[in-house]
file data.cif (mmCIF, C-alpha atoms and all ligand atoms)
data_query
loop_
_atom_site.label_atom_id
_atom_site.label_comp_id
_atom_site.auth_asym_id
_atom_site.auth_seq_id
_atom_site.Cartn_x
_atom_site.Cartn_y
_atom_site.Cartn_z
CA MET A 1500 -143.17 -95.15 -98.79
CA SER A 1501 -139.41 -95.60 -99.11
CA SER A 1502 -138.93 -91.84 -99.22
CA ALA A 1503 -140.20 -91.42 -95.64
CA LEU A 1504 -137.82 -89.98 -93.04
CA LEU A 1505 -139.03 -92.45 -90.43
CA GLU A 1506 -140.57 -95.82 -91.22
CA VAL A 1507 -141.75 -97.98 -88.36
CA GLU A 1508 -142.98 -101.42 -89.31
CA ASN A 1509 -144.69 -104.03 -87.14
CA LEU A 1510 -143.24 -102.75 -83.91
CA ASN A 1511 -143.76 -105.05 -80.94
CA THR A 1512 -142.65 -103.77 -77.55
CA ASN A 1513 -143.02 -105.37 -74.13
CA TYR A 1514 -142.48 -104.30 -70.57
CA GLY A 1515 -141.38 -107.59 -69.05
CA LYS A 1516 -143.89 -110.16 -70.21
CA ILE A 1517 -146.60 -107.63 -70.89
CA SER A 1518 -147.11 -106.74 -74.51
CA ILE A 1519 -147.53 -102.96 -74.85
CA LEU A 1520 -147.32 -102.40 -78.62
CA ARG A 1521 -148.60 -104.91 -81.16
CA ASP A 1522 -147.61 -104.57 -84.80
CA VAL A 1523 -147.55 -100.79 -84.79
CA SER A 1524 -146.56 -99.36 -88.17
CA LEU A 1525 -146.24 -95.67 -88.96
CA THR A 1526 -144.30 -93.27 -91.14
CA VAL A 1527 -143.22 -89.65 -90.92
CA GLY A 1528 -142.23 -87.90 -94.14
CA ALA A 1529 -139.60 -85.16 -94.38
CA GLY A 1530 -141.03 -81.91 -92.98
CA GLU A 1531 -144.30 -83.55 -92.01
CA VAL A 1532 -146.13 -83.18 -88.69
CA VAL A 1533 -147.74 -86.45 -87.66
CA ALA A 1534 -149.95 -86.74 -84.58
CA LEU A 1535 -149.90 -89.87 -82.47
CA LEU A 1536 -153.03 -89.82 -80.35
CA GLY A 1537 -154.68 -92.03 -77.80
CA LEU A 1538 -155.93 -92.19 -74.26
CA ASN A 1539 -153.74 -92.35 -71.20
CA GLY A 1540 -151.96 -95.73 -71.17
CA ALA A 1541 -152.52 -96.40 -74.88
CA GLY A 1542 -148.78 -96.79 -75.54
CA LYS A 1543 -147.84 -93.41 -77.03
CA THR A 1544 -144.78 -92.79 -74.86
CA THR A 1545 -143.71 -96.41 -75.31
CA THR A 1546 -143.82 -95.89 -79.09
CA LEU A 1547 -141.49 -92.87 -78.81
CA ARG A 1548 -139.18 -94.73 -76.39
CA SER A 1549 -139.03 -97.66 -78.80
CA ILE A 1550 -138.09 -95.42 -81.73
CA LEU A 1551 -135.35 -93.78 -79.64
CA GLY A 1552 -133.92 -97.10 -78.46
CA LEU A 1553 -134.72 -96.29 -74.80
CA THR A 1554 -137.11 -99.25 -74.64
CA PRO A 1555 -135.85 -101.43 -77.47
CA PRO A 1556 -138.61 -103.28 -79.33
CA ARG A 1557 -138.90 -107.07 -79.17
CA SER A 1558 -139.38 -107.17 -82.93
CA GLY A 1559 -140.10 -104.93 -85.86
CA SER A 1560 -138.21 -102.54 -88.05
CA ILE A 1561 -137.38 -98.88 -87.45
CA ARG A 1562 -135.75 -97.14 -90.38
CA PHE A 1563 -134.47 -93.59 -90.25
CA GLU A 1564 -133.56 -92.17 -93.66
CA GLY A 1565 -133.57 -95.74 -94.95
CA GLN A 1566 -131.18 -97.01 -92.27
CA GLU A 1567 -132.27 -99.74 -89.86
CA VAL A 1568 -131.90 -98.43 -86.30
CA ALA A 1569 -133.87 -100.97 -84.23
CA GLY A 1570 -131.51 -102.38 -81.60
CA ARG A 1571 -129.10 -99.45 -81.71
CA ALA A 1572 -128.23 -97.45 -78.61
CA PRO A 1573 -130.16 -94.22 -77.93
CA TYR A 1574 -127.09 -92.00 -78.44
CA GLN A 1575 -126.51 -93.53 -81.88
CA ILE A 1576 -130.11 -92.93 -82.91
CA ALA A 1577 -130.06 -89.36 -81.54
CA ARG A 1578 -126.85 -88.68 -83.45
CA LEU A 1579 -128.55 -89.55 -86.74
CA GLY A 1580 -130.84 -86.57 -86.20
CA VAL A 1581 -133.69 -87.64 -83.94
CA GLY A 1582 -134.51 -85.13 -81.18
CA TYR A 1583 -136.66 -85.81 -78.12
CA VAL A 1584 -138.85 -83.49 -76.06
CA PRO A 1585 -139.88 -85.87 -73.27
CA GLU A 1586 -143.09 -85.94 -71.32
CA GLY A 1587 -142.62 -83.84 -68.19
CA ARG A 1588 -139.70 -81.92 -69.80
CA ARG A 1589 -136.92 -83.52 -67.71
CA MET A 1590 -134.31 -80.83 -67.55
CA PHE A 1591 -131.44 -80.25 -65.16
CA LYS A 1592 -133.30 -78.18 -62.61
CA ASP A 1593 -130.19 -76.82 -60.85
CA LEU A 1594 -128.65 -75.64 -64.12
CA THR A 1595 -129.58 -72.41 -65.83
CA THR A 1596 -131.44 -72.14 -69.12
CA ILE A 1597 -128.22 -71.48 -71.01
CA GLU A 1598 -126.36 -74.32 -69.24
CA ASN A 1599 -129.13 -76.74 -70.18
CA LEU A 1600 -128.75 -75.66 -73.82
CA GLN A 1601 -124.95 -75.94 -73.69
CA LEU A 1602 -125.16 -79.49 -72.37
CA ALA A 1603 -127.47 -80.48 -75.19
CA GLU A 1604 -125.11 -79.36 -77.96
CA ASN A 1605 -123.79 -82.59 -79.35
CA GLY A 1606 -121.69 -81.46 -82.23
CA ARG A 1607 -124.24 -82.19 -84.94
CA ALA A 1608 -123.63 -79.17 -87.12
CA GLY A 1609 -126.57 -77.32 -88.59
CA GLU A 1610 -128.57 -74.15 -88.56
CA TRP A 1611 -129.76 -74.44 -84.94
CA THR A 1612 -126.99 -72.91 -82.86
CA ILE A 1613 -127.75 -71.74 -79.32
CA ALA A 1614 -127.78 -68.15 -80.61
CA ARG A 1615 -130.36 -69.05 -83.23
CA VAL A 1616 -132.52 -70.94 -80.74
CA LEU A 1617 -132.52 -67.89 -78.44
CA GLU A 1618 -133.45 -65.69 -81.39
CA HIS A 1619 -136.42 -67.94 -82.17
CA LEU A 1620 -137.44 -68.37 -78.55
CA PRO A 1621 -136.81 -64.88 -77.14
CA LYS A 1622 -138.36 -65.83 -73.83
CA LEU A 1623 -135.45 -68.22 -73.28
CA ALA A 1624 -133.00 -65.41 -73.96
CA GLU A 1625 -134.61 -63.36 -71.19
CA LEU A 1626 -134.39 -66.33 -68.84
CA ARG A 1627 -130.89 -67.41 -69.86
CA ASN A 1628 -129.43 -67.17 -66.34
CA ARG A 1629 -132.42 -68.54 -64.46
CA LYS A 1630 -132.26 -72.07 -63.08
CA ALA A 1631 -134.53 -74.43 -64.98
CA GLY A 1632 -136.20 -75.49 -61.74
CA ARG A 1633 -137.45 -71.92 -61.32
CA LEU A 1634 -139.04 -71.68 -64.76
CA SER A 1635 -142.80 -72.02 -65.21
CA GLY A 1636 -144.20 -75.12 -66.90
CA GLY A 1637 -144.54 -73.30 -70.22
CA GLU A 1638 -141.02 -71.89 -70.01
CA GLN A 1639 -139.69 -75.37 -69.23
CA GLU A 1640 -141.52 -76.75 -72.26
CA MET A 1641 -139.87 -74.09 -74.43
CA LEU A 1642 -136.48 -74.94 -72.95
CA ALA A 1643 -137.13 -78.63 -73.63
CA ILE A 1644 -137.89 -77.76 -77.27
CA GLY A 1645 -134.83 -75.47 -77.49
CA ARG A 1646 -132.64 -78.18 -76.01
CA ALA A 1647 -133.82 -80.66 -78.65
CA LEU A 1648 -133.25 -78.09 -81.41
CA VAL A 1649 -129.57 -77.43 -80.65
CA SER A 1650 -128.82 -80.99 -81.72
CA ASN A 1651 -130.18 -80.06 -85.16
CA PRO A 1652 -132.71 -82.86 -85.49
CA ARG A 1653 -134.39 -83.76 -88.77
CA LEU A 1654 -137.13 -85.35 -86.74
CA LEU A 1655 -138.45 -84.22 -83.37
CA LEU A 1656 -140.37 -86.61 -81.13
CA VAL A 1657 -142.53 -84.45 -78.86
CA ASP A 1658 -144.43 -86.04 -75.97
CA GLU A 1659 -147.49 -84.25 -74.54
CA PRO A 1660 -146.24 -80.66 -74.85
CA SER A 1661 -149.56 -79.23 -73.59
CA GLN A 1662 -149.62 -81.31 -70.41
CA GLY A 1663 -150.25 -79.20 -67.32
CA LEU A 1664 -150.11 -75.86 -69.16
CA GLY A 1665 -152.75 -73.11 -69.27
CA PRO A 1666 -154.47 -72.34 -72.61
CA LEU A 1667 -152.44 -69.21 -73.43
CA ILE A 1668 -149.11 -70.96 -72.90
CA VAL A 1669 -150.32 -73.98 -74.86
CA GLU A 1670 -151.07 -71.62 -77.73
CA GLU A 1671 -147.55 -70.21 -77.51
CA VAL A 1672 -145.94 -73.66 -77.47
CA TYR A 1673 -148.01 -74.76 -80.47
CA LYS A 1674 -147.05 -71.59 -82.31
CA ILE A 1675 -143.41 -72.58 -81.86
CA LEU A 1676 -144.11 -76.11 -83.13
CA GLY A 1677 -145.84 -74.56 -86.16
CA GLU A 1678 -142.77 -72.39 -86.83
CA LEU A 1679 -140.48 -75.43 -86.63
CA LYS A 1680 -142.68 -77.15 -89.18
CA ALA A 1681 -142.36 -74.09 -91.42
CA HIS A 1682 -138.57 -74.50 -91.06
CA GLY A 1683 -138.75 -78.06 -92.34
CA VAL A 1684 -138.39 -79.94 -89.05
CA ALA A 1685 -140.51 -83.09 -89.11
CA ILE A 1686 -142.45 -83.75 -85.91
CA LEU A 1687 -144.03 -86.84 -84.43
CA LEU A 1688 -146.40 -85.26 -81.94
CA VAL A 1689 -147.92 -87.22 -79.08
CA GLU A 1690 -150.98 -85.66 -77.45
CA GLN A 1691 -153.97 -86.58 -75.37
CA ASN A 1692 -155.64 -83.39 -76.51
CA ALA A 1693 -156.54 -84.66 -79.97
CA LEU A 1694 -158.13 -81.59 -81.51
CA LEU A 1695 -155.18 -79.43 -80.57
CA ALA A 1696 -152.62 -81.72 -82.21
CA LEU A 1697 -154.83 -82.27 -85.26
CA LYS A 1698 -154.76 -78.52 -85.88
CA ILE A 1699 -151.10 -78.55 -86.89
CA ALA A 1700 -150.74 -82.17 -88.01
CA ASP A 1701 -150.78 -83.34 -91.62
CA ARG A 1702 -151.62 -86.93 -90.74
CA ALA A 1703 -152.65 -88.78 -87.62
CA TYR A 1704 -152.53 -92.18 -85.97
CA VAL A 1705 -154.63 -93.25 -83.02
CA LEU A 1706 -153.42 -95.94 -80.61
CA ASP A 1707 -155.80 -97.91 -78.44
CA CYS A 1708 -154.59 -100.65 -76.13
CA CYS A 1709 -151.45 -101.49 -78.07
CA LYS A 1710 -152.87 -101.32 -81.59
CA LEU A 1711 -153.43 -98.60 -84.17
CA VAL A 1712 -157.12 -97.92 -84.69
CA TYR A 1713 -156.83 -94.96 -87.07
CA SER A 1714 -154.35 -93.93 -89.69
CA GLY A 1715 -155.13 -91.14 -92.10
CA SER A 1716 -155.57 -87.45 -92.75
CA ALA A 1717 -155.52 -85.13 -89.72
CA ALA A 1718 -158.03 -82.73 -91.29
CA ASP A 1719 -160.54 -85.52 -92.01
CA LEU A 1720 -160.32 -86.77 -88.45
CA ARG A 1721 -160.59 -83.25 -87.02
CA ALA A 1722 -163.72 -82.56 -89.07
CA ASP A 1723 -165.40 -85.69 -87.74
CA ARG A 1724 -165.98 -84.89 -84.04
CA GLU A 1725 -168.05 -88.02 -83.56
CA ARG A 1726 -165.16 -90.15 -84.78
CA VAL A 1727 -162.72 -88.36 -82.48
CA ARG A 1728 -165.11 -88.96 -79.60
CA THR A 1729 -165.43 -92.65 -80.45
CA LEU A 1730 -161.70 -93.16 -80.91
CA MET A 1731 -160.62 -91.12 -77.93
CA GLY A 1732 -163.35 -92.13 -75.51
CA LEU A 1733 -164.99 -89.34 -73.57
CA THR A 1734 -161.89 -87.28 -72.86
CA GLU A 1735 -162.03 -83.57 -73.51
CA VAL A 1736 -162.25 -82.90 -77.19
CA THR A 1737 -162.31 -79.15 -76.75
CA VAL A 1738 -160.13 -76.44 -78.37
N1 LIG B 1801 -141.67 -98.85 -67.23
C1 LIG B 1801 -142.82 -99.52 -67.35
N2 LIG B 1801 -142.97 -100.76 -66.83
C2 LIG B 1801 -144.12 -101.44 -66.95
N3 LIG B 1801 -145.21 -100.98 -67.60
C3 LIG B 1801 -145.13 -99.76 -68.13
C4 LIG B 1801 -143.95 -98.96 -68.04
N4 LIG B 1801 -144.17 -97.78 -68.69
C5 LIG B 1801 -145.44 -97.85 -69.14
N5 LIG B 1801 -146.01 -99.02 -68.81
C6 LIG B 1801 -147.38 -99.44 -69.19
O1 LIG B 1801 -147.46 -99.46 -70.58
C7 LIG B 1801 -148.72 -99.00 -71.04
C8 LIG B 1801 -148.51 -97.86 -72.02
O2 LIG B 1801 -147.91 -96.77 -71.34
P1 LIG B 1801 -147.47 -95.43 -72.09
O3 LIG B 1801 -146.72 -95.79 -73.30
O4 LIG B 1801 -146.78 -94.59 -71.07
O5 LIG B 1801 -148.88 -94.83 -72.50
P2 LIG B 1801 -149.28 -93.34 -72.93
O6 LIG B 1801 -148.03 -92.57 -73.16
O7 LIG B 1801 -150.13 -93.52 -74.15
O8 LIG B 1801 -150.08 -92.78 -71.79
C9 LIG B 1801 -149.50 -98.61 -69.79
O9 LIG B 1801 -150.36 -99.67 -69.47
C10 LIG B 1801 -148.43 -98.44 -68.75
O10 LIG B 1801 -148.93 -98.75 -67.47
MG MG B 1802 -147.30 -90.87 -72.24
#
call {"tool": "encode", "arguments": {"input": "data.cif", "output": "structure tokens"}}
result
Amino acid sequence: MSSALLEVENLNTNYGKISILRDVSLTVGAGEVVALLGLNGAGKTTTLRSILGLTPPRSGSIRFEGQEVAGRAPYQIARLGVGYVPEGRRMFKDLTTIENLQLAENGRAGEWTIARVLEHLPKLAELRNRKAGRLSGGEQEMLAIGRALVSNPRLLLVDEPSQGLGPLIVEEVYKILGELKAHGVAILLVEQNALLALKIADRAYVLDCCKLVYSGSAADLRADRERVRTLMGLTEVTV
């Protein structure tokens, strides 16, 4: 337990007076891919925002490499090695691919230089001078991943990478996530498409109305379609 990269314990987060997360506890080990699943509105994005300090929790502990980070500013948490690929990608649409990457370099030294990111994501190299606003959804998702990588994170928080993308592009994006895993980057992966995320995840958590309702092996959950259906309601459980 104490060797985990990220340890979240009894996280309680509110928006105003409304309680969104209640006693959420989860861990991500070094190099592990952990899926955080749940229906729309379950609190997945709020969990990531709490970890990053964007929506600071009301109570609870968030330790990164053993260090308490709850209550710290987002830039301080990011600087420790936590990268973020936000829902909806959120890039500077009037800046080119390469300019978006340059802005994301934050001086955290490591193996992921811009050159290396472009080598790993050759599509971005081809599109280096195109404005981000003119990229397709899949290309923007890749840029969002590349942008997070140049800060050399030990842990990537990825929010709904498949959202709004066609099946072939989704496959490409997941291939990249799989390669990052092979390179030792730990990933906390939020998805509504449970079966897709469970394919590359080692472990999984399911959130339902503020609370965790499943915590365990990704493979076990994936093998039990009935359980996925029960936990995730009647959303698509295809792929
Ligand atoms: N900025 C906000 N202010 C008030 N309520 C919010 C805000 N963001 C999200 N919520 C509410 O918090 C709940 C969880 O949202 P969210 O974490 O975005 O869920 P998910 O990512 O699982 O779809 C939802 O009921 C949503 O309406
Ligand atoms: Mg969300």
call {"tool": "axis_aligned_box", "arguments": {"input": "data.cif", "around": "ligand LIG 1801 (chain B)", "padding_each_side": "3 Å", "output": "JSON"}}
result
{"center_x": -146.0, "center_y": -97.0, "center_z": -70.5, "size_x": 14.7, "size_y": 14.9, "size_z": 13.3}
call {"tool": "closest_residue", "arguments": {"input": "data.cif", "among": "A:Gly1528, A:Gly1570, A:Gly1515, A:Pro1666", "to": "Gly1683 of chain A", "atoms": "only C-alpha atoms"}}
result
A:Gly1528
call {"tool": "atom_distance", "arguments": {"input": "data.cif", "atom1": "atom CA of Tyr1713 of chain A", "atom2": "atom CA of Asn1509 of chain A"}}
result
15.2 Å
call {"tool": "closest_residue", "arguments": {"input": "data.cif", "among": "A:Arg1726, A:Glu1567, A:Asp1522, A:Ile1644", "to": "Asp1658 of chain A", "atoms": "all atoms listed in the file"}}
result
A:Ile1644
call {"tool": "residues_near_ligand", "arguments": {"input": "data.cif", "ligand": "ligand MG 1802 (chain B)", "cutoff": "8 Å", "atoms": "only C-alpha atoms and all ligand atoms", "output": "PDB file with C-alpha atoms, keeping the file's coordinate frame"}}
result
ATOM      1  CA  ASN A1539    -153.740 -92.350 -71.200  1.00  0.00           C
ATOM      2  CA  GLY A1540    -151.960 -95.730 -71.170  1.00  0.00           C
ATOM      3  CA  GLY A1542    -148.780 -96.790 -75.540  1.00  0.00           C
ATOM      4  CA  LYS A1543    -147.840 -93.410 -77.030  1.00  0.00           C
ATOM      5  CA  THR A1544    -144.780 -92.790 -74.860  1.00  0.00           C
ATOM      6  CA  THR A1545    -143.710 -96.410 -75.310  1.00  0.00           C
ATOM      7  CA  GLU A1586    -143.090 -85.940 -71.320  1.00  0.00           C
ATOM      8  CA  ASP A1658    -144.430 -86.040 -75.970  1.00  0.00           C
ATOM      9  CA  GLU A1659    -147.490 -84.250 -74.540  1.00  0.00           C
ATOM     10  CA  VAL A1689    -147.920 -87.220 -79.080  1.00  0.00           C
TER      11      VAL A1689
END
call {"tool": "closest_residue", "arguments": {"input": "data.cif", "among": "A:Leu1536, A:Leu1720, A:Val1584, A:Leu1634", "to": "Thr1596 of chain A", "atoms": "only C-alpha atoms"}}
result
A:Leu1634
call {"tool": "closest_residue", "arguments": {"input": "data.cif", "among": "A:Leu1656, A:Ile1699, A:Ala1569, A:Ala1541", "to": "ligand LIG 1801 (chain B)", "atoms": "all atoms listed in the file"}}
result
A:Ala1541
call {"tool": "atom_distance", "arguments": {"input": "data.cif", "atom1": "atom C10 of ligand LIG 1801 (chain B)", "atom2": "atom CA of Ser1661 of chain A"}}
result
19.8 Å
call {"tool": "closest_residue", "arguments": {"input": "data.cif", "among": "A:Lys1516, A:Arg1629, A:Arg1548, A:Arg1615", "to": "Pro1585 of chain A", "atoms": "only C-alpha atoms"}}
result
A:Arg1548
call {"tool": "residues_around", "arguments": {"input": "data.cif", "residues": "Leu1602 of chain A", "least_positions_apart": "3", "cutoff": "10 Å", "atoms": "all atoms listed in the file", "output": "JSON list (two decimals) with C-alpha atoms, in the frame of the given file"}}
result
[["chain", "number", "residue", "atom", "x", "y", "z"],
["A", 1591, "PHE", "CA", -131.44, -80.25, -65.16],
["A", 1594, "LEU", "CA", -128.65, -75.64, -64.12],
["A", 1597, "ILE", "CA", -128.22, -71.48, -71.01],
["A", 1598, "GLU", "CA", -126.36, -74.32, -69.24],
["A", 1599, "ASN", "CA", -129.13, -76.74, -70.18],
["A", 1605, "ASN", "CA", -123.79, -82.59, -79.35],
["A", 1646, "ARG", "CA", -132.64, -78.18, -76.01],
["A", 1649, "VAL", "CA", -129.57, -77.43, -80.65]]
call {"tool": "atom_distance", "arguments": {"input": "data.cif", "atom1": "atom O4 of ligand LIG 1801 (chain B)", "atom2": "atom CA of Leu1579 of chain A"}}
result
24.6 Å
call {"tool": "closest_residue", "arguments": {"input": "data.cif", "among": "A:Glu1506, A:Thr1729, A:Ile1517, A:Gln1575", "to": "Val1712 of chain A", "atoms": "only C-alpha atoms"}}
result
A:Thr1729
call {"tool": "residues_around", "arguments": {"input": "data.cif", "residues": "Gly1645 of chain A", "least_positions_apart": "5", "cutoff": "12 Å", "atoms": "all atoms listed in the file", "output": "MDAnalysis selection string"}}
result
chainID A and resid 1582:1584 1588 1590 1596:1604 1611:1624 1627 1638:1640 1650:1652 1655 1657 1672 1675:1676 1679
call {"tool": "residues_around", "arguments": {"input": "data.cif", "residues": "segment 1518-1520 of chain A", "least_positions_apart": "6", "cutoff": "8 Å", "atoms": "all atoms listed in the file", "output": "PDB file with C-alpha atoms, in the frame of the given file"}}
result
ATOM      1  CA  LEU A1510    -143.240-102.750 -83.910  1.00  0.00           C
ATOM      2  CA  ASN A1511    -143.760-105.050 -80.940  1.00  0.00           C
ATOM      3  CA  THR A1512    -142.650-103.770 -77.550  1.00  0.00           C
ATOM      4  CA  GLY A1542    -148.780 -96.790 -75.540  1.00  0.00           C
ATOM      5  CA  THR A1545    -143.710 -96.410 -75.310  1.00  0.00           C
ATOM      6  CA  THR A1546    -143.820 -95.890 -79.090  1.00  0.00           C
ATOM      7  CA  CYS A1708    -154.590-100.650 -76.130  1.00  0.00           C
ATOM      8  CA  CYS A1709    -151.450-101.490 -78.070  1.00  0.00           C
ATOM      9  CA  LYS A1710    -152.870-101.320 -81.590  1.00  0.00           C
TER      10      LYS A1710
END
call {"tool": "residues_around", "arguments": {"input": "data.cif", "residues": "Lys1698 of chain A", "least_positions_apart": "2", "cutoff": "9 Å", "atoms": "all atoms listed in the file", "output": "number ranges by chain"}}
result
A: 1693-1696, 1700-1701, 1717-1718, 1721
